[in-house]
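Structure first, commentary second.
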Amino acid sequence: MTTLPNLVINPQRLWDSLTETAQFGANEKGGIRRLTLSDEDKQVRDWFRKACEAVGCTVTVDDCGSMFARRPGRRNELPPICMGSHLDTQPTGGKFDGVLGVLGALEVLRTMHELGFETNAPIEIVNWTNEEGSRYAPAMLASGVFAKAFTRDYAYAREDRDGKRFDDELERIGYKGTEPVGARTIGAMFELHIEQGPILEAEGKMIGIVTGVQGMRWYEVNVHGQSAHTGATPMHLRKNALLGAARMVEEIHQIAMRHAPDAVGTVGLMEVKPNSRNVVPGEVFFCVDLRHKDEAVLIEMEAEFRAALPKVIEPLGLTFEEKMIWNSPAVKFHPDLIACVRQGAGKAGYQTRDMVSGAGHDAAYIARVAPTTMIFVPCAGGISHNEAESTSFDECGAGAQVLLEAVLAYDQRFA
């Protein structure tokens, strides 16, 4: 077996980059609001482009806005080994979700550049557009188009809650590239990410070796009743849309509890109309998120959810419409890449744990078109999608070092 070189990332440089980019969309609670295709998203994209070009990368943008920073190798006819994640955040996001995967990959290339190390295959960093799905649903939109789970026209037609279209906002911030989405070939994809859960921290393990991603489905529901005066309308004559929606929130909770411990069910977004303190709500829009690692169980959960809707809502004199807007089946990652992560973590001397991701990631779609896996590091208290999200200096450095080692291990097959 060929001995791998001893390259060591610079954790302080990585930390400084995390701190610097956290200013793009920084909020007063110490987190980030950097929604997809916002002005803040443009700022961090411009920063990322310059940083990649400074280490000799050529940056290409596809027509869904995803960015590919390519560093040549000895054999440029080979498809690239890719690293990356996303730079967009939740409305009340933290500093590490997605960002660590992009900037950790940048630190890997900075280390190679600084030491003059040449890989066999070309290496690329990817910043996927609209991973979070918080402004434009569904999540992982651009990687989904890349993997042909969605069409480009479907992505372009997505609208935010203000009616602004995805393609128009791409144009506005100057990141609607000319390369057709999905036109390039990916040889392999490694995605570094915070765990977004409490397991690694609780067990005192530094690295999560991710073997797959659980299945997830999103739904949108509109409940229709009748707006009326709160003081003049007797309780028994009301058609309170919020009451029906509230009872459905409890039903969704119970569905997940029946399939515990691996199931989760959540209502995380709700809009009440007319949203006045002295008007009975006449209309409610809400979203449902169901997840499980077993696709058969997820199908059962969906059936229970859909059976509950008429049972709960219609006796209240209400009507409803429901539609699924996203179905991301459970994914198993590639054993060869998993082995490279295991090898890299062992070489770096970190304790590991195999795990299935509870959150969705771009890697789940890229696994359809290329060998793919993920690397997790702990986050304090398992808190994510929150300004309080926190991952330590040492944990960030460890993740980037294992990413470097895993990429080098995979690259050896092309020597």
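Just so we're on the same page: first chain in the structure tokens is A, next is B, and so on; residues restart at 1 for each chain, and ligands are numbered from 1 in the order they show up.
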Would you give me, as a Markdown table, each residue of stretch 309-362 of chain A having an atom within 10 Å of an atom of stretch 221-229 of chain A, along with its shortest atom pair and that distance in Å to one decimal, using only C-alpha atoms and sorting by chain and residue number?
```
| residue | atom | partner | partner_atom | distance |
| --- | --- | --- | --- | --- |
| A:Leu309 | CA | A:Val221 | CA | 9.4 |
| A:Ile313 | CA | A:Val223 | CA | 8.0 |
| A:Glu314 | CA | A:Val223 | CA | 9.9 |
| A:Leu316 | CA | A:Gly225 | CA | 8.7 |
| A:Gly317 | CA | A:Gly225 | CA | 7.1 |
| A:Leu318 | CA | A:Gly225 | CA | 5.0 |
| A:Thr319 | CA | A:His224 | CA | 5.2 |
| A:Phe320 | CA | A:Val223 | CA | 4.4 |
| A:Glu321 | CA | A:Asn222 | CA | 5.3 |
| A:Glu322 | CA | A:Val221 | CA | 4.4 |
| A:Lys323 | CA | A:Val221 | CA | 6.7 |
| A:Met324 | CA | A:Val221 | CA | 8.9 |
```
Residues of stretch 169-218 of chain A at most 12 Å from stretch 29-52 of chain A: nearest atom pair and distance in Å, only C-alpha atoms, as a tab-separated table:
```
residue	atom	partner	partner_atom	distance
A:Glu169	CA	A:Leu37	CA	5.9
A:Leu170	CA	A:Leu37	CA	6.2
A:Glu171	CA	A:Leu37	CA	9.2
A:Arg172	CA	A:Leu37	CA	8.3
A:Ile173	CA	A:Lys42	CA	6.0
A:Gly174	CA	A:Lys42	CA	7.9
A:Tyr175	CA	A:Lys42	CA	7.9
A:Lys176	CA	A:Leu37	CA	10.2
```
Q: Give me the residues within 8 Å of A:Asp289 as an NGL selection string, counting only C-alpha atoms and dropping any in the same chain fewer than 3 places off.
A: :A and (216-219 or 264-268)
Can you spit out the residues from that selection as a PDB file, in the first residue's frame, using all heavy atoms?
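The result, stored in result.pdb:
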```pdb
ATOM      1  N   MET A 216     -37.178  11.381   4.120  1.00  0.00           N
ATOM      2  CA  MET A 216     -37.953  12.520   4.620  1.00  0.00           C
ATOM      3  C   MET A 216     -38.954  12.972   3.566  1.00  0.00           C
ATOM      4  O   MET A 216     -38.705  12.895   2.374  1.00  0.00           O
ATOM      5  CB  MET A 216     -37.027  13.663   5.037  1.00  0.00           C
ATOM      6  CG  MET A 216     -36.047  14.134   3.983  1.00  0.00           C
ATOM      7  SD  MET A 216     -34.633  15.007   4.709  1.00  0.00           S
ATOM      8  CE  MET A 216     -33.657  13.596   5.305  1.00  0.00           C
ATOM      9  N   ARG A 217     -40.097  13.444   4.071  1.00  0.00           N
ATOM     10  CA  ARG A 217     -41.165  13.928   3.202  1.00  0.00           C
ATOM     11  C   ARG A 217     -41.743  15.208   3.785  1.00  0.00           C
ATOM     12  O   ARG A 217     -41.970  15.287   4.997  1.00  0.00           O
ATOM     13  CB  ARG A 217     -42.270  12.873   3.050  1.00  0.00           C
ATOM     14  CG  ARG A 217     -41.761  11.569   2.452  1.00  0.00           C
ATOM     15  CD  ARG A 217     -42.861  10.551   2.224  1.00  0.00           C
ATOM     16  NE  ARG A 217     -42.296   9.310   1.681  1.00  0.00           N
ATOM     17  CZ  ARG A 217     -43.003   8.367   1.082  1.00  0.00           C
ATOM     18  NH1 ARG A 217     -44.312   8.494   0.952  1.00  0.00           N
ATOM     19  NH2 ARG A 217     -42.419   7.280   0.610  1.00  0.00           N
ATOM     20  N   TRP A 218     -41.979  16.186   2.905  1.00  0.00           N
ATOM     21  CA  TRP A 218     -42.586  17.460   3.305  1.00  0.00           C
ATOM     22  C   TRP A 218     -43.950  17.605   2.652  1.00  0.00           C
ATOM     23  O   TRP A 218     -44.151  17.213   1.492  1.00  0.00           O
ATOM     24  CB  TRP A 218     -41.710  18.638   2.870  1.00  0.00           C
ATOM     25  CG  TRP A 218     -40.479  18.847   3.696  1.00  0.00           C
ATOM     26  CD1 TRP A 218     -40.031  18.095   4.735  1.00  0.00           C
ATOM     27  CD2 TRP A 218     -39.536  19.910   3.536  1.00  0.00           C
ATOM     28  NE1 TRP A 218     -38.856  18.619   5.233  1.00  0.00           N
ATOM     29  CE2 TRP A 218     -38.530  19.727   4.523  1.00  0.00           C
ATOM     30  CE3 TRP A 218     -39.435  20.993   2.669  1.00  0.00           C
ATOM     31  CZ2 TRP A 218     -37.447  20.590   4.649  1.00  0.00           C
ATOM     32  CZ3 TRP A 218     -38.358  21.858   2.789  1.00  0.00           C
ATOM     33  CH2 TRP A 218     -37.385  21.662   3.772  1.00  0.00           C
ATOM     34  N   TYR A 219     -44.877  18.211   3.404  1.00  0.00           N
ATOM     35  CA  TYR A 219     -46.238  18.445   2.930  1.00  0.00           C
ATOM     36  C   TYR A 219     -46.647  19.872   3.248  1.00  0.00           C
ATOM     37  O   TYR A 219     -46.167  20.473   4.220  1.00  0.00           O
ATOM     38  CB  TYR A 219     -47.230  17.491   3.614  1.00  0.00           C
ATOM     39  CG  TYR A 219     -46.798  16.044   3.613  1.00  0.00           C
ATOM     40  CD1 TYR A 219     -45.906  15.572   4.577  1.00  0.00           C
ATOM     41  CD2 TYR A 219     -47.264  15.156   2.659  1.00  0.00           C
ATOM     42  CE1 TYR A 219     -45.490  14.252   4.580  1.00  0.00           C
ATOM     43  CE2 TYR A 219     -46.860  13.825   2.654  1.00  0.00           C
ATOM     44  CZ  TYR A 219     -45.964  13.379   3.619  1.00  0.00           C
ATOM     45  OH  TYR A 219     -45.550  12.072   3.620  1.00  0.00           O
ATOM     46  N   VAL A 264     -39.586  10.965  13.404  1.00  0.00           N
ATOM     47  CA  VAL A 264     -39.834  12.342  13.843  1.00  0.00           C
ATOM     48  C   VAL A 264     -40.908  12.953  12.958  1.00  0.00           C
ATOM     49  O   VAL A 264     -41.005  12.645  11.770  1.00  0.00           O
ATOM     50  CB  VAL A 264     -38.556  13.219  13.815  1.00  0.00           C
ATOM     51  CG1 VAL A 264     -37.569  12.789  14.878  1.00  0.00           C
ATOM     52  CG2 VAL A 264     -37.886  13.193  12.446  1.00  0.00           C
ATOM     53  N   GLY A 265     -41.727  13.802  13.558  1.00  0.00           N
ATOM     54  CA  GLY A 265     -42.765  14.519  12.827  1.00  0.00           C
ATOM     55  C   GLY A 265     -42.869  15.927  13.372  1.00  0.00           C
ATOM     56  O   GLY A 265     -42.920  16.114  14.591  1.00  0.00           O
ATOM     57  N   THR A 266     -42.902  16.917  12.486  1.00  0.00           N
ATOM     58  CA  THR A 266     -42.802  18.303  12.923  1.00  0.00           C
ATOM     59  C   THR A 266     -43.677  19.224  12.078  1.00  0.00           C
ATOM     60  O   THR A 266     -43.744  19.068  10.861  1.00  0.00           O
ATOM     61  CB  THR A 266     -41.338  18.798  12.797  1.00  0.00           C
ATOM     62  OG1 THR A 266     -40.466  17.878  13.448  1.00  0.00           O
ATOM     63  CG2 THR A 266     -41.166  20.180  13.401  1.00  0.00           C
ATOM     64  N   VAL A 267     -44.319  20.176  12.742  1.00  0.00           N
ATOM     65  CA  VAL A 267     -44.894  21.343  12.079  1.00  0.00           C
ATOM     66  C   VAL A 267     -44.036  22.529  12.505  1.00  0.00           C
ATOM     67  O   VAL A 267     -44.052  22.930  13.678  1.00  0.00           O
ATOM     68  CB  VAL A 267     -46.361  21.570  12.473  1.00  0.00           C
ATOM     69  CG1 VAL A 267     -46.879  22.878  11.864  1.00  0.00           C
ATOM     70  CG2 VAL A 267     -47.221  20.399  12.014  1.00  0.00           C
ATOM     71  N   GLY A 268     -43.272  23.068  11.587  1.00  0.00           N
ATOM     72  CA  GLY A 268     -42.337  24.137  11.920  1.00  0.00           C
ATOM     73  C   GLY A 268     -42.689  25.472  11.307  1.00  0.00           C
ATOM     74  O   GLY A 268     -42.060  26.483  11.627  1.00  0.00           O
TER      75      GLY A 268
END
```
**Q.** Spatial neighbours of stretch 54-68 of chain A, max dist 7 Å, only C-alpha atoms, sep filter under 6 positions, as an MDAnalysis selection string
**A.** chainID A and resid 110 113 124:129 142 170 175:181
Q.
Could you go through stretch 240-351 of chain A and tell me which residues DSSP, when run on the backbone, assigns to strand (DSSP E or B), listing them as number ranges by chain?
A. A: 264-273, 279-280, 283-292, 319-328, 331-332
Enumerate the residues of stretch 217-275 of chain A with a DSSP assignment of alpha helix (DSSP H), computed from the backbone, and present them as a compact mmCIF listing (two decimals) with all heavy atoms, in the first residue's frame.
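As written to disk, states25.txt reads:
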```txt
# COMPACT_ATOMS: atom_id res chain seq x y z
N ALA A 241 -60.29 27.86 11.67
CA ALA A 241 -59.26 27.11 10.94
C ALA A 241 -58.05 26.81 11.82
O ALA A 241 -57.40 25.77 11.67
CB ALA A 241 -58.83 27.90 9.70
N LEU A 242 -57.74 27.70 12.74
CA LEU A 242 -56.59 27.48 13.62
C LEU A 242 -56.83 26.32 14.58
O LEU A 242 -55.89 25.59 14.91
CB LEU A 242 -56.26 28.75 14.39
CG LEU A 242 -55.04 28.69 15.32
CD1 LEU A 242 -53.78 28.26 14.57
CD2 LEU A 242 -54.83 30.04 15.99
N LEU A 243 -58.05 26.14 15.01
CA LEU A 243 -58.36 25.01 15.88
C LEU A 243 -58.08 23.70 15.16
O LEU A 243 -57.47 22.77 15.72
CB LEU A 243 -59.82 25.08 16.33
CG LEU A 243 -60.30 23.92 17.22
CD1 LEU A 243 -59.49 23.87 18.51
CD2 LEU A 243 -61.80 24.08 17.51
N GLY A 244 -58.50 23.59 13.90
CA GLY A 244 -58.22 22.38 13.14
C GLY A 244 -56.73 22.17 12.93
O GLY A 244 -56.23 21.04 13.08
N ALA A 245 -56.00 23.24 12.62
CA ALA A 245 -54.55 23.12 12.43
C ALA A 245 -53.87 22.71 13.72
O ALA A 245 -52.95 21.87 13.73
CB ALA A 245 -53.99 24.45 11.91
N ALA A 246 -54.30 23.30 14.85
CA ALA A 246 -53.70 22.98 16.14
C ALA A 246 -53.89 21.50 16.49
O ALA A 246 -52.97 20.85 17.00
CB ALA A 246 -54.28 23.87 17.23
N ARG A 247 -55.07 20.99 16.24
CA ARG A 247 -55.32 19.57 16.52
C ARG A 247 -54.48 18.67 15.60
O ARG A 247 -54.07 17.58 16.00
CB ARG A 247 -56.81 19.27 16.39
CG ARG A 247 -57.62 19.90 17.51
CD ARG A 247 -59.10 19.56 17.44
NE ARG A 247 -59.83 20.16 18.57
CZ ARG A 247 -61.14 20.09 18.73
NH1 ARG A 247 -61.90 19.46 17.82
NH2 ARG A 247 -61.72 20.64 19.78
N MET A 248 -54.22 19.13 14.39
CA MET A 248 -53.36 18.36 13.49
C MET A 248 -51.90 18.36 13.98
O MET A 248 -51.18 17.37 13.82
CB MET A 248 -53.44 18.89 12.07
CG MET A 248 -54.61 18.38 11.28
SD MET A 248 -54.73 16.57 11.22
CE MET A 248 -53.13 16.10 10.55
N VAL A 249 -51.47 19.45 14.59
CA VAL A 249 -50.11 19.47 15.15
C VAL A 249 -49.98 18.36 16.19
O VAL A 249 -48.97 17.62 16.22
CB VAL A 249 -49.81 20.85 15.77
CG1 VAL A 249 -48.48 20.81 16.53
CG2 VAL A 249 -49.77 21.93 14.71
N GLU A 250 -50.98 18.21 17.04
CA GLU A 250 -50.94 17.14 18.04
C GLU A 250 -50.98 15.76 17.38
O GLU A 250 -50.27 14.84 17.80
CB GLU A 250 -52.12 17.30 19.00
CG GLU A 250 -52.28 16.17 20.02
CD GLU A 250 -51.10 16.03 20.97
OE1 GLU A 250 -50.34 17.01 21.14
OE2 GLU A 250 -50.92 14.93 21.53
N GLU A 251 -51.79 15.60 16.33
CA GLU A 251 -51.86 14.31 15.64
C GLU A 251 -50.50 13.94 15.03
O GLU A 251 -50.07 12.79 15.10
CB GLU A 251 -52.91 14.38 14.52
CG GLU A 251 -54.33 14.28 15.00
CD GLU A 251 -54.68 12.89 15.53
OE1 GLU A 251 -54.10 11.90 15.04
OE2 GLU A 251 -55.51 12.82 16.46
N ILE A 252 -49.83 14.91 14.44
CA ILE A 252 -48.52 14.65 13.83
C ILE A 252 -47.50 14.25 14.89
O ILE A 252 -46.69 13.34 14.68
CB ILE A 252 -48.07 15.88 13.02
CG1 ILE A 252 -48.97 16.03 11.79
CG2 ILE A 252 -46.60 15.79 12.61
CD1 ILE A 252 -49.03 17.42 11.23
N HIS A 253 -47.58 14.90 16.04
CA HIS A 253 -46.71 14.51 17.16
C HIS A 253 -46.98 13.06 17.56
O HIS A 253 -46.03 12.28 17.77
CB HIS A 253 -46.96 15.45 18.34
CG HIS A 253 -46.21 15.09 19.58
ND1 HIS A 253 -44.89 15.42 19.76
CD2 HIS A 253 -46.59 14.40 20.69
CE1 HIS A 253 -44.48 14.97 20.94
NE2 HIS A 253 -45.49 14.35 21.51
N GLN A 254 -48.23 12.69 17.67
CA GLN A 254 -48.58 11.33 18.09
C GLN A 254 -48.18 10.29 17.04
O GLN A 254 -47.77 9.17 17.40
CB GLN A 254 -50.08 11.24 18.40
CG GLN A 254 -50.50 12.04 19.62
CD GLN A 254 -49.78 11.61 20.88
OE1 GLN A 254 -49.42 10.44 21.05
NE2 GLN A 254 -49.55 12.57 21.78
N ILE A 255 -48.30 10.63 15.77
CA ILE A 255 -47.86 9.70 14.71
C ILE A 255 -46.38 9.38 14.88
O ILE A 255 -45.96 8.22 14.82
CB ILE A 255 -48.13 10.31 13.32
CG1 ILE A 255 -49.63 10.32 13.03
CG2 ILE A 255 -47.40 9.51 12.23
CD1 ILE A 255 -50.01 11.16 11.83
N ALA A 256 -45.56 10.40 15.10
CA ALA A 256 -44.14 10.18 15.29
C ALA A 256 -43.87 9.37 16.55
O ALA A 256 -43.00 8.48 16.56
CB ALA A 256 -43.40 11.51 15.35
N MET A 257 -44.60 9.65 17.62
CA MET A 257 -44.39 8.91 18.88
C MET A 257 -44.74 7.43 18.73
O MET A 257 -44.09 6.58 19.33
CB MET A 257 -45.23 9.54 19.99
CG MET A 257 -44.77 10.94 20.41
SD MET A 257 -43.08 10.97 21.05
CE MET A 257 -43.29 10.03 22.56
N ARG A 258 -45.74 7.13 17.92
CA ARG A 258 -46.11 5.72 17.70
C ARG A 258 -45.03 4.94 16.98
O ARG A 258 -44.96 3.72 17.09
CB ARG A 258 -47.43 5.64 16.92
CG ARG A 258 -48.65 6.00 17.73
CD ARG A 258 -49.93 5.54 17.07
NE ARG A 258 -50.23 6.23 15.83
CZ ARG A 258 -50.93 7.36 15.76
NH1 ARG A 258 -51.37 7.95 16.86
NH2 ARG A 258 -51.19 7.92 14.58
```
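Taking atom CA of A:Phe376 and atom CA of A:Thr92 as the two end points, the separation is 21.5 Å.
Between A:Val145 and the residues A:Glu220, A:Asp362, A:Glu302, A:Glu395, the shortest atom-to-atom distance, using only C-alpha atoms, involves A:Asp362.
The nearest approach to A:His334 among the residues A:Val272, A:Ala388, A:Met189, A:Met301, with only C-alpha atoms taken into account, belongs to A:Met189.
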Q: Quick one: everything within 12 Å of A:Asn6, counting only C-alpha atoms, minus sequence neighbours fewer than 5 positions away in the same chain. Send it as a ChimeraX atom specification.
A: /A:111-112,115,117,344,347-348,401-402,404-405,408-409
Write the residues you've just listed into a file as a short mmCIF file (atom, residue, chain, number, x, y, z; two decimals), in the first residue's frame, and include all heavy atoms for each of them.
```
data_model
loop_
_atom_site.label_atom_id
_atom_site.label_comp_id
_atom_site.auth_asym_id
_atom_site.auth_seq_id
_atom_site.Cartn_x
_atom_site.Cartn_y
_atom_site.Cartn_z
N THR A 111 -4.25 24.08 2.30
CA THR A 111 -3.13 23.28 2.80
C THR A 111 -2.34 22.67 1.64
O THR A 111 -1.10 22.73 1.62
CB THR A 111 -3.64 22.18 3.74
OG1 THR A 111 -4.33 22.79 4.84
CG2 THR A 111 -2.51 21.31 4.26
N MET A 112 -3.04 22.10 0.68
CA MET A 112 -2.36 21.52 -0.48
C MET A 112 -1.59 22.59 -1.25
O MET A 112 -0.44 22.37 -1.67
CB MET A 112 -3.39 20.85 -1.41
CG MET A 112 -4.05 19.61 -0.84
SD MET A 112 -5.28 18.95 -2.01
CE MET A 112 -5.83 17.49 -1.13
N LEU A 115 1.60 23.82 0.62
CA LEU A 115 2.69 22.84 0.65
C LEU A 115 3.08 22.36 -0.75
O LEU A 115 3.96 21.50 -0.88
CB LEU A 115 2.28 21.65 1.52
CG LEU A 115 1.97 21.99 2.99
CD1 LEU A 115 1.50 20.76 3.73
CD2 LEU A 115 3.20 22.60 3.67
N PHE A 117 1.42 20.52 -2.80
CA PHE A 117 1.06 19.11 -3.01
C PHE A 117 0.12 18.97 -4.20
O PHE A 117 -0.86 19.70 -4.33
CB PHE A 117 0.38 18.54 -1.76
CG PHE A 117 0.02 17.09 -1.90
CD1 PHE A 117 0.98 16.10 -1.73
CD2 PHE A 117 -1.28 16.72 -2.23
CE1 PHE A 117 0.64 14.76 -1.87
CE2 PHE A 117 -1.62 15.38 -2.37
CZ PHE A 117 -0.65 14.41 -2.20
N GLY A 344 -9.09 7.67 7.31
CA GLY A 344 -8.60 9.00 7.62
C GLY A 344 -8.74 9.35 9.09
O GLY A 344 -7.83 9.95 9.69
N LYS A 347 -6.06 7.43 10.99
CA LYS A 347 -4.73 8.04 10.84
C LYS A 347 -4.60 9.30 11.69
O LYS A 347 -3.56 9.57 12.28
CB LYS A 347 -4.47 8.37 9.37
CG LYS A 347 -3.08 8.96 9.14
CD LYS A 347 -2.85 9.29 7.67
CE LYS A 347 -1.47 9.94 7.49
NZ LYS A 347 -1.23 10.35 6.10
N ALA A 348 -5.69 10.07 11.77
CA ALA A 348 -5.67 11.30 12.56
C ALA A 348 -5.82 11.04 14.06
O ALA A 348 -5.62 11.96 14.87
CB ALA A 348 -6.77 12.24 12.09
N GLN A 401 -9.37 17.95 9.06
CA GLN A 401 -8.24 17.04 8.92
C GLN A 401 -8.68 15.68 8.41
O GLN A 401 -8.03 15.09 7.53
CB GLN A 401 -7.52 16.87 10.27
CG GLN A 401 -6.24 16.04 10.20
CD GLN A 401 -5.17 16.68 9.33
OE1 GLN A 401 -4.99 17.90 9.36
NE2 GLN A 401 -4.46 15.88 8.55
N VAL A 402 -9.80 15.17 8.93
CA VAL A 402 -10.31 13.88 8.45
C VAL A 402 -10.78 14.00 7.00
O VAL A 402 -10.59 13.07 6.20
CB VAL A 402 -11.43 13.36 9.38
CG1 VAL A 402 -12.09 12.11 8.79
CG2 VAL A 402 -10.87 13.06 10.76
N LEU A 404 -9.46 15.95 4.74
CA LEU A 404 -8.21 15.91 3.98
C LEU A 404 -7.70 14.49 3.84
O LEU A 404 -7.36 14.03 2.72
CB LEU A 404 -7.15 16.78 4.67
CG LEU A 404 -5.71 16.67 4.16
CD1 LEU A 404 -5.60 17.10 2.71
CD2 LEU A 404 -4.78 17.50 5.04
N GLU A 405 -7.66 13.76 4.94
CA GLU A 405 -7.14 12.39 4.91
C GLU A 405 -8.00 11.48 4.04
O GLU A 405 -7.49 10.63 3.31
CB GLU A 405 -7.06 11.83 6.34
CG GLU A 405 -6.16 12.59 7.29
CD GLU A 405 -4.67 12.42 7.00
OE1 GLU A 405 -4.32 11.70 6.05
OE2 GLU A 405 -3.87 13.04 7.73
N LEU A 408 -7.34 12.26 0.35
CA LEU A 408 -6.04 11.72 -0.05
C LEU A 408 -6.11 10.19 -0.20
O LEU A 408 -5.53 9.63 -1.14
CB LEU A 408 -4.98 12.08 0.98
CG LEU A 408 -4.60 13.56 1.07
CD1 LEU A 408 -3.61 13.78 2.21
CD2 LEU A 408 -4.01 14.05 -0.25
N ALA A 409 -6.83 9.54 0.70
CA ALA A 409 -6.95 8.08 0.62
C ALA A 409 -7.67 7.67 -0.66
O ALA A 409 -7.27 6.72 -1.35
CB ALA A 409 -7.70 7.55 1.84
#
```
